[in-house]
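Structure record follows, encoded as structure tokens.
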Amino acid sequence: MKAWHFLRGSVAALGLLAVSNAASAQNYPTKPIDLSVWAAAGGGTDATNRFLAQAMEKALGGKINVSNRTGGGGGVAMTHVWNQPRDGYTWLGASEAMQITKVMEFHKTGTADWRWYMVAGAPGVISVRAESPYKTLDDLIAAAQKSPKSVKVGHCPIGCVWHMRALALGQASKTEFNYIPYDGSSPAHVAALTGEADAVVSGVAEQTEFIRAGKLRPLAMIEMKPFEFPKVGTIPAAGVKYPDIQKIPARQWLGMAIPKDTPKPIIAKIDAAFVKAMEDPKVKSLASERMFVLSGEYGDEAEKSLQAMENAMSWKLFELGVAKTSPDKLGIAKP
């Protein structure tokens, strides 16, 4: 008899919990949401999340406070968000950097542990200074193939998305470039402008002002599709001739994430608000003002593409000796 009373009490408690969760989701949000951005203020990740927060506030009808929690390669912000209650009030301001935090052991979680909302990103481009003797990508590749490792290609730190795009181009074209890492895209641009590097790989959004001013000359997008640059013209796609660049599916993306085990009714509200926010003029201005390509991927669709990226980047970083633990020991599948 006691067992039956206990079971009946447990079922009743679970029922009350379900009603409570449903009520919480129905009224959500009832207090400000904290959006913790892993990157510093002023950059693309920060700007994108601040634009998104404004649009999501309108869609959800609540306040969203944006804060910057930098450090640990994204691990500080991820830890903060991960350790909060699963009530939908703490979001992660994220980017493609989150796809290497597990293999780099910055955080215990990986792509499969989060629900992702991809707002925008810039396609990768390889450019040279205006005075460069290399007029086309074919010129650059021919010089590097004639004298392996003689052509210096600058990019952000080892393991970053633009390092991966540079590697993808080199491997796909069977070319041995001399890859030169810098502390970020900005010093890599300076290196190309001064002739310290022969070329630079970064996002077209980051190179916009240099290209418009005629200081950098884009040779090709390290993508499968060309890019229409206003008042400059069409930048051809390296992937047309070298389709194997897809074997390292690294891409820049900027947006947000929440723990995947957030209650489903709250996830449904956030999903709906995100879809609405992607149509907001503030978010759309990222394309016109910053030359970003809008995405709008979220949920299962986003996770599928980001898991492929995590797998490929993790194994490449281990192959390069940057990651010290084999990805298979961390449950990361080999592509």
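Identifiers in the structure tokens: chain A, B, ... in order shown; residue index from 1 per chain; ligand index from 1 in order shown.
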Contacts of segment 80-91 of chain A at 9 Å or less, counting only C-alpha atoms, minus same-chain residues fewer than 5 places along, as a VMD selection string?
chain A and resid 24 to 25 28 to 29 31 to 37 64 69 75 109 256 to 259 261 to 263 266 to 267 270
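Near Glu206 of chain A, within 12 Å and counting only C-alpha atoms, sit Gly43, Gly44, Gly121, Ala122, Pro123, Gly124, Val125, Ile126, Ser127, His155, Cys156, Trp162, Gly184, Ser185, Ser186, Pro187, Ala188, His189, Val200, Arg212, Leu216, Gln252, Glu289, Arg290, Met291 and Phe292 of chain A; same-chain residues fewer than 6 positions away were not included.
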Expected answer as number ranges by chain: strand (DSSP E or B) residues in segment 155-188 of chain A
A: 155, 178-181
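Distances here use only C-alpha atoms; by that measure, the residue among A:Gly159, A:Gly73, A:Gly110, A:Gly255 closest to Thr48 of chain A is A:Gly255.
In this structure, atom CA of Val275 of chain A sits 26.6 Å away from atom CA of Ile100 of chain A.
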Give me, as JSON lines, the closest atom pair and its distance (Å, one decimal) for every residue of segment 82-192 of chain A within a cut-off of 10 Å of segment 316-334 of chain A, counting only C-alpha atoms, rows sorted by chain and rising number.
{"residue": "A:Ile100", "atom": "CA", "partner": "A:Leu317", "partner_atom": "CA", "distance": 8.7}
{"residue": "A:Lys102", "atom": "CA", "partner": "A:Leu330", "partner_atom": "CA", "distance": 7.6}
{"residue": "A:Val103", "atom": "CA", "partner": "A:Pro327", "partner_atom": "CA", "distance": 6.1}
{"residue": "A:Met104", "atom": "CA", "partner": "A:Ala323", "partner_atom": "CA", "distance": 5.4}
{"residue": "A:Glu105", "atom": "CA", "partner": "A:Ala323", "partner_atom": "CA", "distance": 8.3}
{"residue": "A:Lys108", "atom": "CA", "partner": "A:Leu330", "partner_atom": "CA", "distance": 9.0}
{"residue": "A:Thr109", "atom": "CA", "partner": "A:Leu330", "partner_atom": "CA", "distance": 9.7}
{"residue": "A:Gly110", "atom": "CA", "partner": "A:Ile332", "partner_atom": "CA", "distance": 8.7}
{"residue": "A:Thr111", "atom": "CA", "partner": "A:Ile332", "partner_atom": "CA", "distance": 9.7}
{"residue": "A:Ile158", "atom": "CA", "partner": "A:Val322", "partner_atom": "CA", "distance": 7.8}
{"residue": "A:Gly159", "atom": "CA", "partner": "A:Leu317", "partner_atom": "CA", "distance": 6.3}
{"residue": "A:Cys160", "atom": "CA", "partner": "A:Leu317", "partner_atom": "CA", "distance": 9.8}
{"residue": "A:Met164", "atom": "CA", "partner": "A:Lys316", "partner_atom": "CA", "distance": 8.5}
{"residue": "A:Leu167", "atom": "CA", "partner": "A:Lys316", "partner_atom": "CA", "distance": 9.6}
Please produce a file of the residues just selected, as a short mmCIF file (atom, residue, chain, number, x, y, z; two decimals), in the first residue's frame, where the atoms kept are C-alpha atoms.
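Listing of selection35.cif after writing:
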data_model
loop_
_atom_site.label_atom_id
_atom_site.label_comp_id
_atom_site.auth_asym_id
_atom_site.auth_seq_id
_atom_site.Cartn_x
_atom_site.Cartn_y
_atom_site.Cartn_z
CA ILE A 100 36.85 23.88 -31.46
CA LYS A 102 35.92 20.79 -26.99
CA VAL A 103 39.00 19.54 -28.85
CA MET A 104 41.06 22.41 -27.42
CA GLU A 105 39.65 21.47 -24.01
CA LYS A 108 33.65 20.10 -21.69
CA THR A 109 30.74 20.51 -24.09
CA GLY A 110 30.64 20.31 -27.87
CA THR A 111 28.32 21.07 -30.74
CA ILE A 158 46.41 28.77 -35.88
CA GLY A 159 43.09 26.97 -35.69
CA CYS A 160 40.94 29.98 -36.53
CA MET A 164 41.35 26.59 -41.99
CA LEU A 167 44.61 25.28 -45.56
#
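Proximity to Ser173 of chain A was assessed for A:Gly239, A:Pro265, A:Gly296, A:Gly203 counting only C-alpha atoms; the smallest distance is recorded for A:Gly239.
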Give one line per residue of segment 224-310 of chain A that approaches segment 92-98 of chain A to at most 12 Å, naming the two atoms of the closest pair and their distance in Å to one decimal, counting only C-alpha atoms; sort by chain then ascending residue number and deliver it as CSV.
residue,atom,partner,partner_atom,distance
A:Pro249,CA,A:Glu96,CA,11.2
A:Ala250,CA,A:Glu96,CA,8.1
A:Arg251,CA,A:Glu96,CA,7.1
A:Gln252,CA,A:Glu96,CA,5.7
A:Trp253,CA,A:Ser95,CA,5.4
A:Leu254,CA,A:Ser95,CA,4.5
A:Gly255,CA,A:Ala94,CA,5.3
A:Met256,CA,A:Gly93,CA,4.5
A:Ala257,CA,A:Leu92,CA,5.1
A:Ile258,CA,A:Leu92,CA,6.2
A:Pro259,CA,A:Leu92,CA,8.8
A:Lys260,CA,A:Leu92,CA,11.9
A:Ala302,CA,A:Glu96,CA,11.6
A:Glu303,CA,A:Glu96,CA,11.9
A:Ser305,CA,A:Glu96,CA,11.1
A:Leu306,CA,A:Glu96,CA,8.1
A:Gln307,CA,A:Met98,CA,10.8
A:Ala308,CA,A:Glu96,CA,11.8
A:Met309,CA,A:Glu96,CA,8.6
A:Glu310,CA,A:Met98,CA,8.5
Residue neighbourhood Ala166 of chain A, 9 Å, only C-alpha atoms, exclusion window fewer than 3 positions, as a PyMOL selection string
chain A and resi 124+126+153-155+161-163+169-171+177+179+200-202+222
Emit the selected residues as a PDB file, in the first residue's frame, including N, CA, C and O atoms.
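Dumped to part_11.pdb:
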ATOM      1  N   GLY A 124      34.966  33.647 -46.894  1.00  0.00           N
ATOM      2  CA  GLY A 124      36.408  33.888 -46.901  1.00  0.00           C
ATOM      3  C   GLY A 124      36.921  34.337 -48.255  1.00  0.00           C
ATOM      4  O   GLY A 124      36.455  33.882 -49.300  1.00  0.00           O
ATOM      5  N   ILE A 126      40.726  35.529 -50.385  1.00  0.00           N
ATOM      6  CA  ILE A 126      42.178  35.683 -50.399  1.00  0.00           C
ATOM      7  C   ILE A 126      42.510  36.880 -51.274  1.00  0.00           C
ATOM      8  O   ILE A 126      42.052  36.983 -52.419  1.00  0.00           O
ATOM      9  N   VAL A 153      51.223  33.311 -46.921  1.00  0.00           N
ATOM     10  CA  VAL A 153      49.803  33.636 -46.778  1.00  0.00           C
ATOM     11  C   VAL A 153      49.514  33.905 -45.304  1.00  0.00           C
ATOM     12  O   VAL A 153      49.660  33.020 -44.458  1.00  0.00           O
ATOM     13  N   GLY A 154      49.127  35.140 -45.006  1.00  0.00           N
ATOM     14  CA  GLY A 154      48.819  35.521 -43.633  1.00  0.00           C
ATOM     15  C   GLY A 154      47.363  35.234 -43.275  1.00  0.00           C
ATOM     16  O   GLY A 154      46.486  35.259 -44.127  1.00  0.00           O
ATOM     17  N   HIS A 155      47.127  34.984 -41.982  1.00  0.00           N
ATOM     18  CA  HIS A 155      45.774  34.706 -41.492  1.00  0.00           C
ATOM     19  C   HIS A 155      45.769  34.888 -39.981  1.00  0.00           C
ATOM     20  O   HIS A 155      46.809  35.156 -39.363  1.00  0.00           O
ATOM     21  N   VAL A 161      39.148  30.152 -38.146  1.00  0.00           N
ATOM     22  CA  VAL A 161      38.434  29.787 -39.365  1.00  0.00           C
ATOM     23  C   VAL A 161      39.203  30.171 -40.625  1.00  0.00           C
ATOM     24  O   VAL A 161      39.200  29.440 -41.620  1.00  0.00           O
ATOM     25  N   TRP A 162      39.917  31.311 -40.609  1.00  0.00           N
ATOM     26  CA  TRP A 162      40.624  31.742 -41.823  1.00  0.00           C
ATOM     27  C   TRP A 162      41.903  30.946 -42.041  1.00  0.00           C
ATOM     28  O   TRP A 162      42.336  30.762 -43.170  1.00  0.00           O
ATOM     29  N   HIS A 163      42.503  30.455 -40.972  1.00  0.00           N
ATOM     30  CA  HIS A 163      43.615  29.519 -41.122  1.00  0.00           C
ATOM     31  C   HIS A 163      43.100  28.256 -41.813  1.00  0.00           C
ATOM     32  O   HIS A 163      43.739  27.719 -42.738  1.00  0.00           O
ATOM     33  N   LEU A 169      42.323  25.772 -49.216  1.00  0.00           N
ATOM     34  CA  LEU A 169      42.750  26.167 -50.555  1.00  0.00           C
ATOM     35  C   LEU A 169      44.053  25.476 -50.930  1.00  0.00           C
ATOM     36  O   LEU A 169      44.204  24.960 -52.048  1.00  0.00           O
ATOM     37  N   GLY A 170      44.991  25.438 -50.002  1.00  0.00           N
ATOM     38  CA  GLY A 170      46.270  24.803 -50.283  1.00  0.00           C
ATOM     39  C   GLY A 170      46.118  23.319 -50.579  1.00  0.00           C
ATOM     40  O   GLY A 170      46.690  22.800 -51.540  1.00  0.00           O
ATOM     41  N   GLN A 171      45.337  22.625 -49.780  1.00  0.00           N
ATOM     42  CA  GLN A 171      45.156  21.189 -49.974  1.00  0.00           C
ATOM     43  C   GLN A 171      44.380  20.891 -51.260  1.00  0.00           C
ATOM     44  O   GLN A 171      44.727  19.971 -51.997  1.00  0.00           O
ATOM     45  N   PHE A 177      51.692  26.407 -49.559  1.00  0.00           N
ATOM     46  CA  PHE A 177      51.878  27.796 -49.155  1.00  0.00           C
ATOM     47  C   PHE A 177      52.686  27.833 -47.856  1.00  0.00           C
ATOM     48  O   PHE A 177      52.783  26.845 -47.126  1.00  0.00           O
ATOM     49  N   TYR A 179      52.184  29.241 -44.521  1.00  0.00           N
ATOM     50  CA  TYR A 179      51.103  29.818 -43.725  1.00  0.00           C
ATOM     51  C   TYR A 179      51.684  30.598 -42.547  1.00  0.00           C
ATOM     52  O   TYR A 179      52.434  30.051 -41.735  1.00  0.00           O
ATOM     53  N   VAL A 200      46.615  37.544 -47.991  1.00  0.00           N
ATOM     54  CA  VAL A 200      45.941  37.414 -46.708  1.00  0.00           C
ATOM     55  C   VAL A 200      44.592  36.740 -46.924  1.00  0.00           C
ATOM     56  O   VAL A 200      43.907  36.991 -47.922  1.00  0.00           O
ATOM     57  N   VAL A 201      44.235  35.869 -45.994  1.00  0.00           N
ATOM     58  CA  VAL A 201      42.921  35.225 -46.008  1.00  0.00           C
ATOM     59  C   VAL A 201      42.151  35.688 -44.778  1.00  0.00           C
ATOM     60  O   VAL A 201      42.638  35.571 -43.650  1.00  0.00           O
ATOM     61  N   SER A 202      40.967  36.236 -45.000  1.00  0.00           N
ATOM     62  CA  SER A 202      40.084  36.644 -43.908  1.00  0.00           C
ATOM     63  C   SER A 202      38.678  36.763 -44.480  1.00  0.00           C
ATOM     64  O   SER A 202      38.429  36.383 -45.629  1.00  0.00           O
ATOM     65  N   ILE A 222      37.309  31.908 -51.134  1.00  0.00           N
ATOM     66  CA  ILE A 222      37.625  30.504 -50.837  1.00  0.00           C
ATOM     67  C   ILE A 222      36.304  29.841 -50.464  1.00  0.00           C
ATOM     68  O   ILE A 222      36.066  29.383 -49.344  1.00  0.00           O
TER      69      ILE A 222
END
Just list as a VMD selection string whatever in segment 69-199 of chain A DSSP marks as alpha helix (DSSP H).
chain A and resid 75 to 82 137 to 146 161 to 172 185 to 194
Min atom-atom distance to Ala47 of chain A from the set A:Ile245, A:Ala142, A:Leu286, A:Leu137, counting only C-alpha atoms, belongs to A:Leu286
Nearby residues (only C-alpha atoms) at most 7 Å from segment 174-176 of chain A, same-chain spacing under 3 positions excluded, as JSON, numbers by chain:
{"A": [141, 144, 145, 148, 149, 170, 171]}
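Rounded to one decimal, atom CA of Tyr117 of chain A and atom CA of Glu297 of chain A lie 6.1 Å from each other.
Each of A:Ile211, A:Gln246, A:Lys63, A:Glu131 was checked against Lys231 of chain A using only C-alpha atoms; the smallest atom-to-atom distance is that of A:Ile211.
The space separating atom CA of Lys152 of chain A from atom CA of Glu196 of chain A comes to 8.1 Å.
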Using only C-alpha atoms: which of A:Thr136, A:Gln54, A:Asn27, A:Thr45 has the shortest distance to Ala277 of chain A
A:Gln54
Could you check the closest approach to Val128 of chain A for each of A:Ala192, A:Ala312, A:Ala268, A:Ala39 and tell me which residue wins, using only C-alpha atoms?
A:Ala192
